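Trainee: What follows is the file model_4.cif, containing mmCIF, N, CA and C atoms:
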```cif
data_run
loop_
_atom_site.label_atom_id
_atom_site.label_comp_id
_atom_site.auth_asym_id
_atom_site.auth_seq_id
_atom_site.Cartn_x
_atom_site.Cartn_y
_atom_site.Cartn_z
N TRP T 1 -2.17 -3.56 8.50
CA TRP T 1 -2.61 -4.95 8.46
C TRP T 1 -3.45 -5.20 9.70
N GLY T 2 -4.70 -5.57 9.48
CA GLY T 2 -5.57 -5.88 10.60
C GLY T 2 -6.51 -4.76 11.02
N LEU T 3 -6.30 -3.55 10.51
CA LEU T 3 -7.15 -2.42 10.92
C LEU T 3 -8.08 -1.92 9.82
N GLY T 4 -7.84 -2.31 8.56
CA GLY T 4 -8.69 -1.86 7.47
C GLY T 4 -8.55 -0.38 7.16
N GLU T 5 -7.32 0.13 7.30
CA GLU T 5 -7.10 1.54 6.99
C GLU T 5 -5.67 1.80 6.56
N VAL T 6 -5.51 2.95 5.91
CA VAL T 6 -4.20 3.45 5.52
C VAL T 6 -4.05 4.79 6.22
N ARG T 7 -2.89 5.02 6.80
CA ARG T 7 -2.66 6.25 7.55
C ARG T 7 -1.56 7.09 6.92
N ARG T 8 -1.73 8.41 7.05
CA ARG T 8 -0.69 9.35 6.59
C ARG T 8 -0.17 10.10 7.81
N TYR T 9 1.14 10.17 7.91
CA TYR T 9 1.79 10.86 9.02
C TYR T 9 2.62 12.02 8.50
N SER T 10 2.70 13.07 9.29
CA SER T 10 3.57 14.21 8.96
C SER T 10 5.01 13.81 9.22
N PRO T 11 5.97 14.57 8.71
CA PRO T 11 7.38 14.24 8.96
C PRO T 11 7.74 14.16 10.45
N ASP T 12 7.00 14.86 11.30
CA ASP T 12 7.31 14.78 12.74
C ASP T 12 6.52 13.68 13.45
N GLY T 13 5.82 12.82 12.69
CA GLY T 13 5.16 11.66 13.26
C GLY T 13 3.72 11.85 13.66
N GLU T 14 3.13 13.02 13.35
CA GLU T 14 1.73 13.27 13.70
C GLU T 14 0.81 12.64 12.66
N LEU T 15 -0.21 11.91 13.13
CA LEU T 15 -1.22 11.35 12.23
C LEU T 15 -2.02 12.49 11.63
N THR T 16 -2.00 12.59 10.29
CA THR T 16 -2.70 13.70 9.63
C THR T 16 -3.97 13.27 8.91
N GLU T 17 -4.04 12.00 8.51
CA GLU T 17 -5.23 11.53 7.81
C GLU T 17 -5.26 10.01 7.83
N SER T 18 -6.46 9.47 7.72
CA SER T 18 -6.63 8.04 7.64
C SER T 18 -7.77 7.75 6.67
N VAL T 19 -7.59 6.71 5.85
CA VAL T 19 -8.60 6.28 4.88
C VAL T 19 -8.98 4.85 5.26
N SER T 20 -10.26 4.62 5.52
CA SER T 20 -10.75 3.29 5.89
C SER T 20 -11.32 2.57 4.68
N VAL T 21 -11.17 1.26 4.67
CA VAL T 21 -11.75 0.41 3.63
C VAL T 21 -12.48 -0.75 4.31
N PRO T 22 -13.46 -1.36 3.62
CA PRO T 22 -14.22 -2.46 4.23
C PRO T 22 -13.53 -3.82 4.12
N ALA T 23 -12.24 -3.83 4.45
CA ALA T 23 -11.45 -5.07 4.46
C ALA T 23 -10.36 -4.89 5.50
N PRO T 24 -10.18 -5.84 6.41
CA PRO T 24 -9.25 -5.62 7.52
C PRO T 24 -7.77 -5.59 7.14
N HIS T 25 -7.39 -6.29 6.08
CA HIS T 25 -5.97 -6.39 5.75
C HIS T 25 -5.62 -5.52 4.54
N THR T 26 -5.19 -4.29 4.80
CA THR T 26 -4.64 -3.46 3.72
C THR T 26 -3.20 -3.91 3.51
N SER T 27 -2.81 -4.10 2.25
CA SER T 27 -1.50 -4.68 1.99
C SER T 27 -0.52 -3.75 1.30
N SER T 28 -1.00 -2.80 0.52
CA SER T 28 -0.08 -1.89 -0.15
C SER T 28 -0.86 -0.70 -0.70
N VAL T 29 -0.11 0.35 -1.08
CA VAL T 29 -0.73 1.53 -1.67
C VAL T 29 0.15 2.04 -2.81
N VAL T 30 -0.47 2.76 -3.73
CA VAL T 30 0.25 3.42 -4.82
C VAL T 30 -0.61 4.58 -5.29
N PHE T 31 0.03 5.66 -5.72
CA PHE T 31 -0.70 6.76 -6.34
C PHE T 31 -0.75 6.51 -7.83
N ALA T 32 -1.91 6.75 -8.42
CA ALA T 32 -2.12 6.48 -9.84
C ALA T 32 -2.84 7.65 -10.49
N GLY T 33 -2.95 7.57 -11.81
CA GLY T 33 -3.64 8.59 -12.59
C GLY T 33 -2.67 9.63 -13.11
N PRO T 34 -3.11 10.41 -14.09
CA PRO T 34 -2.23 11.41 -14.70
C PRO T 34 -1.68 12.43 -13.72
N GLU T 35 -2.43 12.73 -12.68
CA GLU T 35 -1.99 13.71 -11.68
C GLU T 35 -1.46 13.06 -10.40
N LEU T 36 -1.38 11.73 -10.41
CA LEU T 36 -0.97 10.97 -9.22
C LEU T 36 -1.75 11.40 -7.99
N ASP T 37 -3.06 11.58 -8.18
CA ASP T 37 -3.91 12.02 -7.07
C ASP T 37 -4.94 10.99 -6.64
N THR T 38 -4.87 9.80 -7.23
CA THR T 38 -5.77 8.71 -6.85
C THR T 38 -4.96 7.67 -6.08
N LEU T 39 -5.34 7.43 -4.85
CA LEU T 39 -4.68 6.44 -4.02
C LEU T 39 -5.33 5.08 -4.27
N VAL T 40 -4.55 4.12 -4.70
CA VAL T 40 -5.03 2.75 -4.90
C VAL T 40 -4.57 1.92 -3.71
N ILE T 41 -5.51 1.26 -3.06
CA ILE T 41 -5.23 0.47 -1.85
C ILE T 41 -5.52 -0.99 -2.16
N THR T 42 -4.53 -1.84 -1.98
CA THR T 42 -4.75 -3.27 -2.16
C THR T 42 -5.08 -3.89 -0.81
N THR T 43 -5.87 -4.94 -0.85
CA THR T 43 -6.21 -5.67 0.37
C THR T 43 -5.99 -7.16 0.15
N ALA T 44 -5.95 -7.91 1.24
CA ALA T 44 -5.66 -9.34 1.16
C ALA T 44 -6.67 -10.15 1.96
N THR T 45 -6.75 -11.41 1.61
CA THR T 45 -7.60 -12.35 2.34
C THR T 45 -6.76 -13.26 3.25
N GLN T 46 -5.45 -13.19 3.12
CA GLN T 46 -4.55 -14.03 3.90
C GLN T 46 -4.82 -13.90 5.39
N ASP T 47 -4.81 -15.01 6.08
CA ASP T 47 -4.98 -15.10 7.53
C ASP T 47 -6.40 -14.79 8.01
N LEU T 48 -7.36 -14.59 7.11
CA LEU T 48 -8.73 -14.35 7.54
C LEU T 48 -9.46 -15.69 7.68
N THR T 49 -10.24 -15.82 8.73
CA THR T 49 -11.03 -17.04 8.94
C THR T 49 -12.25 -17.00 8.01
N ASP T 50 -12.95 -18.11 7.92
CA ASP T 50 -14.17 -18.15 7.12
C ASP T 50 -15.19 -17.14 7.65
N ALA T 51 -15.27 -17.00 8.96
CA ALA T 51 -16.20 -16.03 9.56
C ALA T 51 -15.81 -14.60 9.18
N GLN T 52 -14.52 -14.30 9.19
CA GLN T 52 -14.07 -12.95 8.81
C GLN T 52 -14.31 -12.68 7.33
N LEU T 53 -14.10 -13.69 6.51
CA LEU T 53 -14.37 -13.53 5.07
C LEU T 53 -15.85 -13.26 4.82
N ALA T 54 -16.72 -13.90 5.60
CA ALA T 54 -18.15 -13.66 5.47
C ALA T 54 -18.50 -12.24 5.96
N GLU T 55 -17.82 -11.77 6.99
CA GLU T 55 -18.07 -10.43 7.53
C GLU T 55 -17.49 -9.34 6.63
N TYR T 56 -16.37 -9.63 5.95
CA TYR T 56 -15.69 -8.67 5.08
C TYR T 56 -15.56 -9.24 3.67
N PRO T 57 -16.68 -9.35 2.94
CA PRO T 57 -16.63 -9.98 1.62
C PRO T 57 -15.82 -9.19 0.58
N ALA T 58 -15.50 -7.93 0.85
CA ALA T 58 -14.71 -7.13 -0.10
C ALA T 58 -13.21 -7.35 0.09
N SER T 59 -12.82 -8.19 1.03
CA SER T 59 -11.39 -8.48 1.23
C SER T 59 -10.79 -9.05 -0.04
N GLY T 60 -9.57 -8.64 -0.34
CA GLY T 60 -8.88 -9.10 -1.54
C GLY T 60 -9.11 -8.21 -2.74
N ARG T 61 -9.90 -7.16 -2.58
CA ARG T 61 -10.18 -6.25 -3.69
C ARG T 61 -9.31 -5.01 -3.62
N LEU T 62 -9.37 -4.24 -4.71
CA LEU T 62 -8.70 -2.94 -4.76
C LEU T 62 -9.71 -1.85 -4.42
N PHE T 63 -9.22 -0.81 -3.77
CA PHE T 63 -10.05 0.35 -3.44
C PHE T 63 -9.31 1.60 -3.89
N THR T 64 -10.05 2.64 -4.21
CA THR T 64 -9.43 3.91 -4.57
C THR T 64 -10.00 5.02 -3.71
N ALA T 65 -9.17 6.04 -3.51
CA ALA T 65 -9.58 7.20 -2.73
C ALA T 65 -8.88 8.42 -3.30
N ARG T 66 -9.47 9.57 -3.10
CA ARG T 66 -8.84 10.85 -3.45
C ARG T 66 -8.50 11.56 -2.14
N PRO T 67 -7.29 11.36 -1.62
CA PRO T 67 -6.97 11.89 -0.29
C PRO T 67 -6.64 13.38 -0.25
N GLY T 68 -6.60 14.04 -1.41
CA GLY T 68 -6.30 15.47 -1.41
C GLY T 68 -4.82 15.79 -1.46
N VAL T 69 -3.99 14.78 -1.70
CA VAL T 69 -2.56 14.98 -1.88
C VAL T 69 -2.14 14.22 -3.14
N HIS T 70 -0.97 14.54 -3.63
CA HIS T 70 -0.45 13.90 -4.84
C HIS T 70 0.77 13.06 -4.48
N GLY T 71 0.91 11.95 -5.18
CA GLY T 71 2.09 11.12 -5.02
C GLY T 71 3.24 11.67 -5.84
N LEU T 72 4.39 11.04 -5.73
CA LEU T 72 5.57 11.43 -6.49
C LEU T 72 5.82 10.40 -7.58
N PRO T 73 6.25 10.85 -8.76
CA PRO T 73 6.57 9.87 -9.82
C PRO T 73 7.74 9.00 -9.42
N GLN T 74 7.69 7.76 -9.83
CA GLN T 74 8.75 6.81 -9.54
C GLN T 74 9.45 6.43 -10.84
N PRO T 75 10.74 6.14 -10.80
CA PRO T 75 11.43 5.73 -12.02
C PRO T 75 10.88 4.40 -12.53
N LEU T 76 10.88 4.24 -13.82
CA LEU T 76 10.40 2.99 -14.41
C LEU T 76 11.40 1.88 -14.15
N TRP T 77 10.90 0.68 -13.98
CA TRP T 77 11.74 -0.48 -13.76
C TRP T 77 11.85 -1.23 -15.07
N SER T 78 13.05 -1.60 -15.45
CA SER T 78 13.29 -2.27 -16.73
C SER T 78 12.86 -3.73 -16.72
N GLY T 79 12.65 -4.30 -15.55
CA GLY T 79 12.35 -5.72 -15.47
C GLY T 79 13.59 -6.56 -15.26
N LEU T 80 14.76 -5.94 -15.40
CA LEU T 80 16.01 -6.66 -15.19
C LEU T 80 16.31 -6.73 -13.70
N PRO T 81 17.02 -7.77 -13.28
CA PRO T 81 17.38 -7.85 -11.86
C PRO T 81 18.22 -6.65 -11.44
N LEU T 82 18.02 -6.20 -10.22
CA LEU T 82 18.82 -5.10 -9.71
C LEU T 82 20.20 -5.60 -9.33
N PRO T 83 21.23 -4.77 -9.53
CA PRO T 83 22.56 -5.21 -9.12
C PRO T 83 22.65 -5.31 -7.61
N PRO T 84 23.48 -6.19 -7.10
CA PRO T 84 23.61 -6.31 -5.63
C PRO T 84 24.18 -5.02 -5.05
N THR T 85 23.74 -4.68 -3.86
CA THR T 85 24.22 -3.45 -3.22
C THR T 85 25.57 -3.68 -2.56
N ASN T 86 25.84 -4.88 -2.10
CA ASN T 86 27.13 -5.23 -1.50
C ASN T 86 27.62 -6.52 -2.15
N PRO T 87 28.28 -6.38 -3.29
CA PRO T 87 28.73 -7.61 -3.98
C PRO T 87 29.65 -8.46 -3.10
N VAL T 88 29.45 -9.75 -3.16
CA VAL T 88 30.28 -10.68 -2.41
C VAL T 88 31.39 -11.14 -3.35
N ARG T 89 32.61 -11.03 -2.88
CA ARG T 89 33.75 -11.43 -3.71
C ARG T 89 34.19 -12.84 -3.32
N ASN T 90 34.34 -13.67 -4.31
CA ASN T 90 34.87 -15.01 -4.09
C ASN T 90 36.35 -14.99 -4.42
N GLU T 91 37.18 -15.00 -3.42
CA GLU T 91 38.63 -14.95 -3.65
C GLU T 91 39.29 -16.21 -3.25
#
```
Mind turning this structure into structure tokens?
Mentor:
Amino acid sequence: WGLGEVRRYSPDGELTESVSVPAPHTSSVVFAGPELDTLVITTATQDLTDAQLAEYPASGRLFTARPGVHGLPQPLWSGLPLPPTNPVRNE
């Protein structure tokens, strides 16, 4: 948030790659496509001034990149609420 990039770190904390986009606020990422090799980067316009919006007109858009790595499949969500992890008992 605020740098216009997404970073990848190794398990030991070393920066291994960075992908820049023409929008300062990157908000989320997901791997997409049949091979999960396309990185989709969302960006936001929140907290940007009118001057920043004029300087970064692509803010709020989606961007894609092929970073050379593949994502992992995630389980499908049913749309139902998740059960509480620590149920509170009313006794």
Trainee: Would you pick out the contacts of Glu35 (chain T) at 6.5 Å or less, using all atoms listed in the file, so that residues sharing its chain but fewer than 2 positions from it are not included, and give the list as a PyMOL selection string?
Mentor: chain T and resi 32-33+37-38+70-71
Trainee: Quick one: everything within 8 Å of Thr64 (chain T), counting only N, CA and C atoms, minus sequence neighbours fewer than 6 positions away in the same chain. Send it as a list in words.
Mentor: Thr38, Leu39, Val40, Ile41 and Thr42 of chain T
Trainee: Okay, now the selection with N, CA and C atoms, as a PDB file, in the frame of the given file?
Mentor:
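Dumped everything to out.pdb:
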```pdb
ATOM      1  N   THR T  38      -4.870   9.800  -7.230  1.00  0.00           N
ATOM      2  CA  THR T  38      -5.770   8.710  -6.850  1.00  0.00           C
ATOM      3  C   THR T  38      -4.960   7.670  -6.080  1.00  0.00           C
ATOM      4  N   LEU T  39      -5.340   7.430  -4.850  1.00  0.00           N
ATOM      5  CA  LEU T  39      -4.680   6.440  -4.020  1.00  0.00           C
ATOM      6  C   LEU T  39      -5.330   5.080  -4.270  1.00  0.00           C
ATOM      7  N   VAL T  40      -4.550   4.120  -4.700  1.00  0.00           N
ATOM      8  CA  VAL T  40      -5.030   2.750  -4.900  1.00  0.00           C
ATOM      9  C   VAL T  40      -4.570   1.920  -3.710  1.00  0.00           C
ATOM     10  N   ILE T  41      -5.510   1.260  -3.060  1.00  0.00           N
ATOM     11  CA  ILE T  41      -5.230   0.470  -1.850  1.00  0.00           C
ATOM     12  C   ILE T  41      -5.520  -0.990  -2.160  1.00  0.00           C
ATOM     13  N   THR T  42      -4.530  -1.840  -1.980  1.00  0.00           N
ATOM     14  CA  THR T  42      -4.750  -3.270  -2.160  1.00  0.00           C
ATOM     15  C   THR T  42      -5.080  -3.890  -0.810  1.00  0.00           C
TER      16      THR T  42
END
```
Trainee: For atom N of Thr26 (chain T) and CA of Leu80 (chain T), quote the distance in Å rounded to one decimal.
Mentor: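 Here the two named atoms are 29.2 Å from each other.
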Trainee: If I take CA of Ala44 (chain T) and CA of Gly13 (chain T), how far is one from the other in Å, to one decimal?
Mentor: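 The value is 26.5 Å.
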Trainee: Around (-6.4, -8.9, 8.0), as given in the file, which residues come within 8 Å? Count only C-alpha atoms and list them as a list in words.
Mentor: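 Checking each residue against the 8 Å limit leaves Trp1, Gly2, Leu3, Gly4, Ala23, Pro24, His25, Thr26, Ala44, Thr45, Gln46, Asp47 and Leu48 of chain T.
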Trainee: Any chance you could work out the residue set of the PyMOL selection byres ((chain T and resi 17-21) around 6) here, as a VMD selection string?
Mentor: chain T and resid 4 to 9 15 to 16 22 to 24
Trainee: Once you add 4 Å to each side, what are the centre and edge lengths of the axis-aligned box holding all listed atoms of region 41-49 of chain T? One decimal in Å, as lines of an AutoDock Vina configuration file, if you can.
Mentor:
```
center_x = -8.4
center_y = -7.9
center_z = 2.9
size_x = 15.7
size_y = 26.3
size_z = 20.0
```
Trainee: Report, in Å to a single decimal, how far apart atom C of Leu72 (chain T) and atom N of Gly60 (chain T) are.
Mentor: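 Separation between atom N of Gly60 (chain T) and atom C of Leu72 (chain T): 25.5 Å.
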Trainee: If DSSP is run on the backbone, what residues of region 50-85 of chain T are helix (DSSP H, G or I)? A reply as a list in words would be ideal.
Mentor: Asp50, Ala51, Gln52, Leu53, Ala54 and Glu55 of chain T
Trainee: From a backbone DSSP assignment, name each residue in chain T labelled strand (DSSP E or B), as a ChimeraX atom specification.
Mentor: /T:5-9,15-20,26-32,38-43,62-65
